[in-house]
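Listing of protein.cif; format and content: mmCIF, C-alpha atoms.
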```
data_work
#
loop_
_atom_site.group_PDB
_atom_site.id
_atom_site.type_symbol
_atom_site.label_atom_id
_atom_site.label_comp_id
_atom_site.auth_asym_id
_atom_site.auth_seq_id
_atom_site.Cartn_x
_atom_site.Cartn_y
_atom_site.Cartn_z
ATOM 1 C CA MET A 3 7.494 -1.512 28.539
ATOM 2 C CA SER A 4 11.234 -1.834 28.297
ATOM 3 C CA ASP A 5 13.264 1.303 27.595
ATOM 4 C CA ASP A 6 14.380 -0.140 24.266
ATOM 5 C CA PHE A 7 10.876 -1.214 23.178
ATOM 6 C CA LEU A 8 12.202 -4.599 22.072
ATOM 7 C CA THR A 9 8.800 -6.315 21.977
ATOM 8 C CA GLU A 10 7.121 -3.423 20.231
ATOM 9 C CA LYS A 11 9.869 -3.197 17.629
ATOM 10 C CA GLN A 12 9.552 -6.905 16.868
ATOM 11 C CA GLN A 13 5.772 -6.648 16.499
ATOM 12 C CA ALA A 14 5.988 -3.677 14.162
ATOM 13 C CA SER A 15 8.747 -5.174 12.021
ATOM 14 C CA ALA A 16 6.861 -8.472 11.709
ATOM 15 C CA TRP A 17 3.666 -6.668 10.691
ATOM 16 C CA PHE A 18 5.367 -4.688 7.930
ATOM 17 C CA ARG A 19 6.867 -7.920 6.580
ATOM 18 C CA GLN A 20 3.462 -9.648 6.683
ATOM 19 C CA LEU A 21 1.847 -6.751 4.825
ATOM 20 C CA ARG A 22 4.618 -6.877 2.248
ATOM 21 C CA ASP A 23 3.999 -10.590 1.661
ATOM 22 C CA GLU A 24 0.252 -10.026 1.206
ATOM 23 C CA ILE A 25 0.738 -7.191 -1.280
ATOM 24 C CA VAL A 26 3.371 -9.028 -3.334
ATOM 25 C CA ALA A 27 1.070 -12.060 -3.589
ATOM 26 C CA ALA A 28 -1.900 -9.884 -4.586
ATOM 27 C CA PHE A 29 0.078 -8.058 -7.282
ATOM 28 C CA GLU A 30 1.436 -11.254 -8.773
ATOM 29 C CA GLY A 31 -2.153 -12.512 -8.716
ATOM 30 C CA LEU A 32 -3.241 -9.495 -10.778
ATOM 31 C CA GLU A 33 -0.548 -10.306 -13.318
ATOM 32 C CA ALA A 34 -1.579 -13.962 -13.490
ATOM 33 C CA SER A 35 -5.304 -13.207 -13.818
ATOM 34 C CA HIS A 36 -4.993 -10.611 -16.598
ATOM 35 C CA SER A 37 -6.954 -12.351 -19.359
ATOM 36 C CA GLU A 38 -8.853 -9.532 -21.093
ATOM 37 C CA GLY A 39 -7.692 -6.284 -22.654
ATOM 38 C CA PRO A 40 -4.276 -4.957 -23.714
ATOM 39 C CA LEU A 41 -1.077 -6.985 -23.207
ATOM 40 C CA THR A 42 -2.830 -10.228 -22.310
ATOM 41 C CA ASN A 43 -0.532 -12.089 -24.707
ATOM 42 C CA GLU A 44 2.551 -10.960 -22.796
ATOM 43 C CA PRO A 45 4.005 -13.123 -19.988
ATOM 44 C CA ALA A 46 2.819 -12.434 -16.461
ATOM 45 C CA GLY A 47 5.249 -10.405 -14.389
ATOM 46 C CA THR A 48 6.826 -11.626 -11.166
ATOM 47 C CA PHE A 49 8.891 -9.914 -8.505
ATOM 48 C CA ASP A 50 12.671 -9.999 -8.343
ATOM 49 C CA VAL A 51 13.606 -10.045 -4.661
ATOM 50 C CA THR A 52 16.918 -8.727 -3.369
ATOM 51 C CA GLU A 53 18.216 -8.459 0.180
ATOM 52 C CA THR A 54 19.401 -4.968 1.076
ATOM 53 C CA ARG A 55 21.962 -4.007 3.700
ATOM 54 C CA ARG A 56 22.424 -0.593 5.214
ATOM 55 C CA GLY A 57 25.953 0.733 5.359
ATOM 56 C CA SER A 58 27.515 2.098 8.546
ATOM 57 C CA ASP A 59 30.672 4.144 8.943
ATOM 58 C CA ASP A 60 32.370 1.636 11.242
ATOM 59 C CA GLY A 61 31.285 -1.485 9.362
ATOM 60 C CA THR A 62 28.932 -2.787 12.074
ATOM 61 C CA ASP A 63 25.515 -4.260 11.298
ATOM 62 C CA ALA A 64 23.037 -1.492 10.575
ATOM 63 C CA GLY A 65 20.077 -3.527 9.390
ATOM 64 C CA GLY A 66 18.491 -3.982 5.990
ATOM 65 C CA GLY A 67 15.492 -5.520 4.345
ATOM 66 C CA LEU A 68 13.978 -6.836 1.139
ATOM 67 C CA MET A 69 13.633 -4.964 -2.135
ATOM 68 C CA SER A 70 10.971 -6.549 -4.346
ATOM 69 C CA VAL A 71 10.684 -5.081 -7.838
ATOM 70 C CA MET A 72 8.614 -6.149 -10.837
ATOM 71 C CA ARG A 73 9.530 -4.652 -14.199
ATOM 72 C CA GLY A 74 7.787 -5.071 -17.530
ATOM 73 C CA GLY A 75 4.719 -6.927 -16.346
ATOM 74 C CA ARG A 76 1.538 -6.891 -18.375
ATOM 75 C CA VAL A 77 -0.341 -4.915 -15.680
ATOM 76 C CA PHE A 78 2.529 -3.318 -13.746
ATOM 77 C CA GLU A 79 5.180 -1.537 -15.789
ATOM 78 C CA LYS A 80 7.271 -1.085 -12.646
ATOM 79 C CA VAL A 81 6.321 -1.710 -9.040
ATOM 80 C CA GLY A 82 8.507 -1.839 -5.968
ATOM 81 C CA VAL A 83 7.516 -3.161 -2.553
ATOM 82 C CA ASN A 84 10.287 -2.588 -0.027
ATOM 83 C CA VAL A 85 10.418 -3.563 3.617
ATOM 84 C CA SER A 86 13.273 -2.716 5.937
ATOM 85 C CA THR A 87 14.404 -2.548 9.531
ATOM 86 C CA VAL A 88 17.429 -0.332 10.091
ATOM 87 C CA TYR A 89 19.225 1.037 13.137
ATOM 88 C CA GLY A 90 22.315 2.881 14.273
ATOM 89 C CA THR A 91 23.075 6.480 15.179
ATOM 90 C CA LEU A 92 21.768 9.617 13.561
ATOM 91 C CA GLY A 93 24.222 12.057 12.038
ATOM 92 C CA GLU A 94 24.216 15.717 12.992
ATOM 93 C CA ALA A 95 22.042 16.820 10.073
ATOM 94 C CA ALA A 96 19.430 14.140 10.814
ATOM 95 C CA GLN A 97 19.484 15.045 14.511
ATOM 96 C CA ALA A 98 18.900 18.714 13.725
ATOM 97 C CA SER A 99 16.059 17.909 11.323
ATOM 98 C CA MET A 100 14.384 15.646 13.848
ATOM 99 C CA MET A 101 14.703 18.102 16.709
ATOM 100 C CA ALA A 102 13.280 20.885 14.540
ATOM 101 C CA ARG A 103 10.292 18.744 13.541
ATOM 102 C CA THR A 104 9.497 17.073 16.851
ATOM 103 C CA GLY A 105 10.875 19.454 19.467
ATOM 104 C CA LEU A 106 12.900 16.649 21.051
ATOM 105 C CA ASP A 107 15.904 17.571 23.152
ATOM 106 C CA GLY A 108 18.946 15.485 23.934
ATOM 107 C CA MET A 109 19.379 13.857 20.533
ATOM 108 C CA ALA A 110 23.098 14.643 20.541
ATOM 109 C CA ASP A 111 23.531 12.940 23.928
ATOM 110 C CA ASP A 112 22.048 9.659 22.672
ATOM 111 C CA PRO A 113 21.535 9.681 18.892
ATOM 112 C CA ARG A 114 20.540 6.024 18.546
ATOM 113 C CA PHE A 115 17.601 5.242 16.289
ATOM 114 C CA TRP A 116 15.621 2.288 14.971
ATOM 115 C CA ALA A 117 13.215 2.416 12.036
ATOM 116 C CA SER A 118 11.082 -0.162 10.286
ATOM 117 C CA GLY A 119 8.522 0.125 7.549
ATOM 118 C CA ILE A 120 7.091 -0.811 4.193
ATOM 119 C CA SER A 121 7.194 1.422 1.127
ATOM 120 C CA LEU A 122 5.396 0.784 -2.156
ATOM 121 C CA VAL A 123 5.129 2.598 -5.461
ATOM 122 C CA ALA A 124 3.361 1.157 -8.529
ATOM 123 C CA HIS A 125 3.593 2.550 -12.060
ATOM 124 C CA MET A 126 1.139 0.863 -14.393
ATOM 125 C CA GLN A 127 1.230 -0.201 -18.040
ATOM 126 C CA ASN A 128 -2.304 0.999 -18.826
ATOM 127 C CA PRO A 129 -2.680 4.798 -18.545
ATOM 128 C CA HIS A 130 -6.247 4.284 -17.336
ATOM 129 C CA VAL A 131 -4.976 2.456 -14.240
ATOM 130 C CA PRO A 132 -3.754 4.925 -11.611
ATOM 131 C CA ALA A 133 -0.278 4.868 -10.155
ATOM 132 C CA VAL A 134 -0.266 4.492 -6.384
ATOM 133 C CA HIS A 135 1.977 4.975 -3.365
ATOM 134 C CA MET A 136 1.748 3.457 0.113
ATOM 135 C CA ASN A 137 4.041 3.646 3.113
ATOM 136 C CA THR A 138 3.742 2.839 6.800
ATOM 137 C CA ARG A 139 6.574 2.992 9.311
ATOM 138 C CA MET A 140 7.628 3.107 12.955
ATOM 139 C CA PHE A 141 10.524 5.185 14.246
ATOM 140 C CA TRP A 142 12.160 4.899 17.669
ATOM 141 C CA THR A 143 14.798 6.841 19.537
ATOM 142 C CA PRO A 144 15.582 6.702 23.278
ATOM 143 C CA HIS A 145 13.704 9.993 23.506
ATOM 144 C CA ALA A 146 10.435 9.102 21.741
ATOM 145 C CA TRP A 147 8.712 6.792 19.265
ATOM 146 C CA TRP A 148 6.182 7.475 16.541
ATOM 147 C CA PHE A 149 4.378 6.065 13.530
ATOM 148 C CA GLY A 150 3.776 7.516 10.101
ATOM 149 C CA GLY A 151 2.538 6.787 6.627
ATOM 150 C CA GLY A 152 -0.488 6.572 4.404
ATOM 151 C CA SER A 153 -1.388 5.988 0.774
ATOM 152 C CA ASP A 154 -2.313 8.215 -2.144
ATOM 153 C CA LEU A 155 -3.608 7.738 -5.674
ATOM 154 C CA ASN A 156 -1.885 9.228 -8.716
ATOM 155 C CA PRO A 157 -3.929 8.851 -11.917
ATOM 156 C CA CYS A 158 -2.882 10.533 -15.149
ATOM 157 C CA ILE A 159 -6.458 10.099 -16.410
ATOM 158 C CA GLU A 160 -8.812 10.855 -13.560
ATOM 159 C CA TYR A 161 -12.060 9.006 -12.919
ATOM 160 C CA ALA A 162 -14.260 10.474 -10.204
ATOM 161 C CA ASP A 163 -15.640 7.084 -9.176
ATOM 162 C CA ASP A 164 -12.128 5.680 -8.753
ATOM 163 C CA THR A 165 -11.168 8.583 -6.508
ATOM 164 C CA ALA A 166 -14.365 8.174 -4.492
ATOM 165 C CA HIS A 167 -13.760 4.447 -4.005
ATOM 166 C CA PHE A 168 -10.155 4.924 -2.912
ATOM 167 C CA HIS A 169 -11.114 7.549 -0.347
ATOM 168 C CA SER A 170 -14.185 5.700 0.942
ATOM 169 C CA VAL A 171 -12.143 2.581 1.734
ATOM 170 C CA GLN A 172 -9.585 4.697 3.573
ATOM 171 C CA GLN A 173 -12.320 6.341 5.600
ATOM 172 C CA ALA A 174 -13.959 3.009 6.469
ATOM 173 C CA HIS A 175 -10.678 1.772 7.929
ATOM 174 C CA LEU A 176 -9.996 5.000 9.846
ATOM 175 C CA ASP A 177 -13.437 5.716 11.291
ATOM 176 C CA PRO A 178 -13.189 3.024 14.016
ATOM 177 C CA HIS A 179 -10.198 4.947 15.389
ATOM 178 C CA GLY A 180 -12.131 8.213 15.645
ATOM 179 C CA ALA A 181 -14.477 10.133 13.364
ATOM 180 C CA ASP A 182 -12.054 13.060 13.214
ATOM 181 C CA LEU A 183 -9.138 11.036 11.839
ATOM 182 C CA TYR A 184 -10.071 10.625 8.190
ATOM 183 C CA PRO A 185 -10.708 14.346 7.525
ATOM 184 C CA LYS A 186 -7.490 15.224 9.347
ATOM 185 C CA LEU A 187 -5.328 12.674 7.511
ATOM 186 C CA LYS A 188 -6.953 13.513 4.159
ATOM 187 C CA ASP A 189 -6.121 17.191 4.592
ATOM 188 C CA TRP A 190 -2.601 16.245 5.688
ATOM 189 C CA ALA A 191 -2.122 14.215 2.496
ATOM 190 C CA ASP A 192 -3.391 17.097 0.365
ATOM 191 C CA GLU A 193 -0.811 19.363 1.989
ATOM 192 C CA TYR A 194 2.071 16.872 2.029
ATOM 193 C CA PHE A 195 1.744 15.669 -1.570
ATOM 194 C CA TYR A 196 1.539 19.182 -2.998
ATOM 195 C CA ILE A 197 4.209 20.278 -5.508
ATOM 196 C CA PRO A 198 4.893 23.972 -4.806
ATOM 197 C CA HIS A 199 6.923 24.712 -7.926
ATOM 198 C CA ARG A 200 4.108 23.304 -10.091
ATOM 199 C CA GLY A 201 1.301 24.811 -8.029
ATOM 200 C CA ARG A 202 -0.634 21.548 -7.991
ATOM 201 C CA ALA A 203 -1.121 18.264 -6.159
ATOM 202 C CA ARG A 204 0.796 15.139 -7.177
ATOM 203 C CA GLY A 205 -2.459 13.188 -7.588
ATOM 204 C CA VAL A 206 -5.962 12.959 -6.143
ATOM 205 C CA GLY A 207 -4.842 12.502 -2.555
ATOM 206 C CA GLY A 208 -5.414 9.882 0.073
ATOM 207 C CA ILE A 209 -4.347 9.843 3.711
ATOM 208 C CA PHE A 210 -1.079 10.717 5.429
ATOM 209 C CA MET A 211 0.246 11.099 8.955
ATOM 210 C CA ASP A 212 3.623 11.579 10.572
ATOM 211 C CA ASP A 213 5.050 11.737 14.108
ATOM 212 C CA ARG A 214 1.989 9.890 15.432
ATOM 213 C CA CYS A 215 2.502 9.320 19.158
ATOM 214 C CA THR A 216 -0.507 9.620 21.433
ATOM 215 C CA GLY A 217 1.305 7.843 24.264
ATOM 216 C CA ASP A 218 -0.726 4.672 23.661
ATOM 217 C CA TRP A 219 1.587 2.510 21.541
ATOM 218 C CA GLN A 220 -0.950 -0.264 20.956
ATOM 219 C CA ALA A 221 -3.612 2.172 19.751
ATOM 220 C CA ASP A 222 -1.222 3.934 17.397
ATOM 221 C CA PHE A 223 0.084 0.611 16.087
ATOM 222 C CA ALA A 224 -3.491 -0.582 15.480
ATOM 223 C CA LEU A 225 -4.200 2.575 13.479
ATOM 224 C CA THR A 226 -1.039 2.056 11.441
ATOM 225 C CA GLN A 227 -2.051 -1.532 10.734
ATOM 226 C CA ASP A 228 -5.478 -0.434 9.500
ATOM 227 C CA ILE A 229 -3.882 2.117 7.191
ATOM 228 C CA GLY A 230 -1.947 -0.810 5.734
ATOM 229 C CA ARG A 231 -5.000 -3.075 5.607
ATOM 230 C CA ALA A 232 -6.935 -0.432 3.669
ATOM 231 C CA PHE A 233 -4.495 -0.445 0.779
ATOM 232 C CA LEU A 234 -5.402 -3.590 -1.179
ATOM 233 C CA PRO A 235 -9.208 -3.169 -1.033
ATOM 234 C CA ALA A 236 -8.784 0.495 -1.991
ATOM 235 C CA PHE A 237 -6.510 -0.145 -4.969
ATOM 236 C CA VAL A 238 -7.001 -3.638 -6.400
ATOM 237 C CA PRO A 239 -10.615 -3.098 -7.602
ATOM 238 C CA LEU A 240 -9.433 -0.062 -9.571
ATOM 239 C CA VAL A 241 -6.776 -2.154 -11.301
ATOM 240 C CA GLU A 242 -9.277 -4.896 -12.128
ATOM 241 C CA LYS A 243 -11.730 -2.359 -13.566
ATOM 242 C CA ARG A 244 -9.308 -0.276 -15.660
ATOM 243 C CA ARG A 245 -6.710 -2.782 -16.896
ATOM 244 C CA VAL A 246 -9.109 -4.051 -19.609
ATOM 245 C CA GLN A 247 -9.471 -0.628 -21.289
ATOM 246 C CA ASP A 248 -7.731 0.157 -24.559
ATOM 247 C CA TRP A 249 -5.463 3.196 -24.621
ATOM 248 C CA SER A 250 -4.282 5.606 -27.293
ATOM 249 C CA GLU A 251 -0.887 7.139 -28.000
ATOM 250 C CA ALA A 252 -2.187 10.377 -26.487
ATOM 251 C CA ASP A 253 -3.160 8.506 -23.298
ATOM 252 C CA LYS A 254 0.356 7.081 -23.001
ATOM 253 C CA ASP A 255 1.855 10.502 -23.608
ATOM 254 C CA ALA A 256 -0.278 11.955 -20.823
ATOM 255 C CA GLN A 257 0.918 9.191 -18.514
ATOM 256 C CA LEU A 258 4.597 9.880 -19.213
ATOM 257 C CA ILE A 259 4.152 13.610 -18.609
ATOM 258 C CA HIS A 260 2.308 12.950 -15.360
ATOM 259 C CA ARG A 261 5.123 10.663 -14.227
ATOM 260 C CA GLY A 262 7.441 13.650 -14.496
ATOM 261 C CA LEU A 263 5.494 15.241 -11.639
ATOM 262 C CA TYR A 264 5.993 12.097 -9.568
ATOM 263 C CA ALA A 265 9.743 12.079 -10.184
ATOM 264 C CA GLU A 266 10.066 15.768 -9.350
ATOM 265 C CA TYR A 267 8.206 15.378 -6.084
ATOM 266 C CA ASN A 268 10.147 12.338 -4.914
ATOM 267 C CA LEU A 269 13.541 13.819 -5.733
ATOM 268 C CA VAL A 270 12.896 17.321 -4.409
ATOM 269 C CA TYR A 271 10.448 17.041 -1.521
ATOM 270 C CA ASP A 272 9.866 13.499 -0.288
ATOM 271 C CA ARG A 273 11.090 13.128 3.307
ATOM 272 C CA GLY A 274 11.509 9.357 3.059
ATOM 273 C CA THR A 275 13.787 9.657 0.031
ATOM 274 C CA LYS A 276 15.943 12.223 1.802
ATOM 275 C CA PHE A 277 16.140 10.161 5.005
ATOM 276 C CA GLY A 278 17.014 6.944 3.189
ATOM 277 C CA LEU A 279 19.851 8.517 1.215
ATOM 278 C CA ALA A 280 21.153 10.507 4.185
ATOM 279 C CA THR A 281 21.333 7.458 6.462
ATOM 280 C CA GLY A 282 23.179 5.188 4.038
ATOM 281 C CA HIS A 283 20.378 2.856 2.954
ATOM 282 C CA ASP A 284 20.665 1.063 -0.388
ATOM 283 C CA ALA A 285 20.258 3.778 -3.030
ATOM 284 C CA ASN A 286 18.485 1.443 -5.461
ATOM 285 C CA ALA A 287 15.922 0.593 -2.785
ATOM 286 C CA VAL A 288 15.410 4.243 -1.867
ATOM 287 C CA LEU A 289 14.986 5.315 -5.497
ATOM 288 C CA MET A 290 12.813 2.404 -6.618
ATOM 289 C CA SER A 291 9.881 4.857 -6.444
ATOM 290 C CA LEU A 292 11.012 6.536 -9.653
ATOM 291 C CA PRO A 293 9.035 5.635 -12.789
ATOM 292 C CA PRO A 294 10.668 3.484 -15.493
ATOM 293 C CA MET A 295 10.059 6.207 -18.073
ATOM 294 C CA ALA A 296 8.835 9.788 -17.830
ATOM 295 C CA LYS A 297 8.588 12.804 -20.113
ATOM 296 C CA TRP A 298 9.046 16.536 -19.783
ATOM 297 C CA VAL A 299 7.693 18.912 -22.420
#
```

Taking this structure as input, can you express it in the form of structure tokens?
Amino acid sequence: MSDDFLTEKQQASAWFRQLRDEIVAAFEGLEASHSEGPLTNEPAGTFDVTETRRGSDDGTDAGGGLMSVMRGGRVFEKVGVNVSTVYGTLGEAAQASMMARTGLDGMADDPRFWASGISLVAHMQNPHVPAVHMNTRMFWTPHAWWFGGGSDLNPCIEYADDTAHFHSVQQAHLDPHGADLYPKLKDWADEYFYIPHRGRARGVGGIFMDDRCTGDWQADFALTQDIGRAFLPAFVPLVEKRRVQDWSEADKDAQLIHRGLYAEYNLVYDRGTKFGLATGHDANAVLMSLPPMAKWV
């Protein structure tokens, strides 16, 4: 492998873009096929796609990506699917955070970085359909590389069979990489998506990993790809099952209150939000995870 991992970076970036294209097509397909239940008389939603550019202090190219957002669909109230590849040098605060988390030395001597990934958050019209989050990414510095990401389900009205389906699909995609992985990544998600000031989880969990570097890049990339591949079969059947259900004013109220938890977590704790804002990425792209409406009581 080359020191700069050029081939590996290209493979990872291309995969995240391919996954983005598949998800966008599937979500627009859900909008187009919605023919039974609430809001069927409304027009089908489509994605607005915007190129994003990352700012750099000296004006040089620092990468960017695509921000794809659908608002006011008949199934999706707001969904964002972002993909980006960014690069440059890490500031002192980012260097210190990374060294504290990974134990890497020498960041100040060569603070270059490269990062690519896909990030998705979907907030649904029907309160019976769960909100969902998915992210997979690769990070490189001259000192190390690693992968991260996962997906988690965030229903405001919980259905045990929906939770079981979501988790079983995740496990089926992880088991070929080792029987110990799913329990480990499930526990990691439960810990990571916990809201300390509320004393509760953000949702019903999923899988999560960070700083994944076994030394075998191909194996870790294959695992990351399967985390991405698990997303649509884990989530789409839940949308198809629940989007036909009628909802009450109380159901919608419960959804808006639950979205408040999501906003609090993403603004206070989420590492990706903090990194994106700290490194100069497009603020609208970073904050697309926030719900269109929420409520605090």

Find the residue from A:Ser170, A:Ser37, A:Ser70, A:Thr226 that sits nearest to Ser291 of chain A; use all atoms listed in the file when measuring.
A:Ser70

Specify as a PyMOL selection string each residue included when the PyMOL selection byres ((chain A and resi 240) around 9) is applied to this file.
chain A and resi 131-132+164+167-168+236-239+241-245

Produce a file of the selected residues containing C-alpha atoms, as a compact mmCIF listing (two decimals), keeping the file's coordinate frame.
```
# COMPACT_ATOMS: atom_id res chain seq x y z
CA VAL A 131 -4.98 2.46 -14.24
CA PRO A 132 -3.75 4.92 -11.61
CA ASP A 164 -12.13 5.68 -8.75
CA HIS A 167 -13.76 4.45 -4.00
CA PHE A 168 -10.15 4.92 -2.91
CA ALA A 236 -8.78 0.50 -1.99
CA PHE A 237 -6.51 -0.14 -4.97
CA VAL A 238 -7.00 -3.64 -6.40
CA PRO A 239 -10.62 -3.10 -7.60
CA VAL A 241 -6.78 -2.15 -11.30
CA GLU A 242 -9.28 -4.90 -12.13
CA LYS A 243 -11.73 -2.36 -13.57
CA ARG A 244 -9.31 -0.28 -15.66
CA ARG A 245 -6.71 -2.78 -16.90
```

Between A:Arg56, A:Thr62, A:Trp147, A:Gly75, smallest distance to Phe223 of chain A by all atoms listed in the file belongs to A:Trp147

12 Å contact set for Gly31 of chain A, only C-alpha atoms, chain neighbours under 4 positions out, as JSON, numbers by chain:
{"A": [24, 25, 26, 27, 35, 36, 37, 46, 47, 48, 49, 75, 76, 77, 78, 238, 241, 242]}

Shell around Val88 of chain A at 6 Å using all atoms listed in the file, local window under 4 positions removed, as a PyMOL selection string:
chain A and resi 64-66+116-117

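The protein and nucleic acid residues lying at most 7 Å from segment 270-285 of chain A are Thr54, Arg55, Arg56, Gly57 and Ser58 of chain A, with only C-alpha atoms considered and sequence neighbours fewer than 6 positions away removed.
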
Convert the output of the PyMOL selection byres ((chain A and resi 7) around 12) on the shown file into explicit residues, formatted as a PyMOL selection string.
chain A and resi 3-6+8-14+115-117+140-148+219

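The closest residue to Ile197 of chain A, picked from A:Ala252, A:Val51, A:Leu269, A:Leu225 and counting only C-alpha atoms, is A:Leu269.
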
Quick one: distance from atom CA of Asp182 of chain A to atom CA of Tyr267 of chain A in Å, one decimal?
28.1 Å

Non-local contacts of Ile229 of chain A (9 Å; only C-alpha atoms; under 5 positions in same chain excluded) as a PyMOL selection string:
chain A and resi 138+151-153+172+175-176+209+224

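By only C-alpha atoms, and with residues fewer than 6 positions from Leu258 of chain A along its chain excluded, the set lying at most 7 Å from it is Met295, Ala296 and Lys297 of chain A.
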
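Note that the spacing between atom CA of Phe233 of chain A and atom CA of Gln173 of chain A amounts to 11.4 Å.
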
Please write as a VMD selection string the full residue list that the PyMOL selection byres ((chain A and resi 122) around 9) yields on this file.
chain A and resid 22 81 to 85 120 to 121 123 to 124 134 to 137 290 to 291
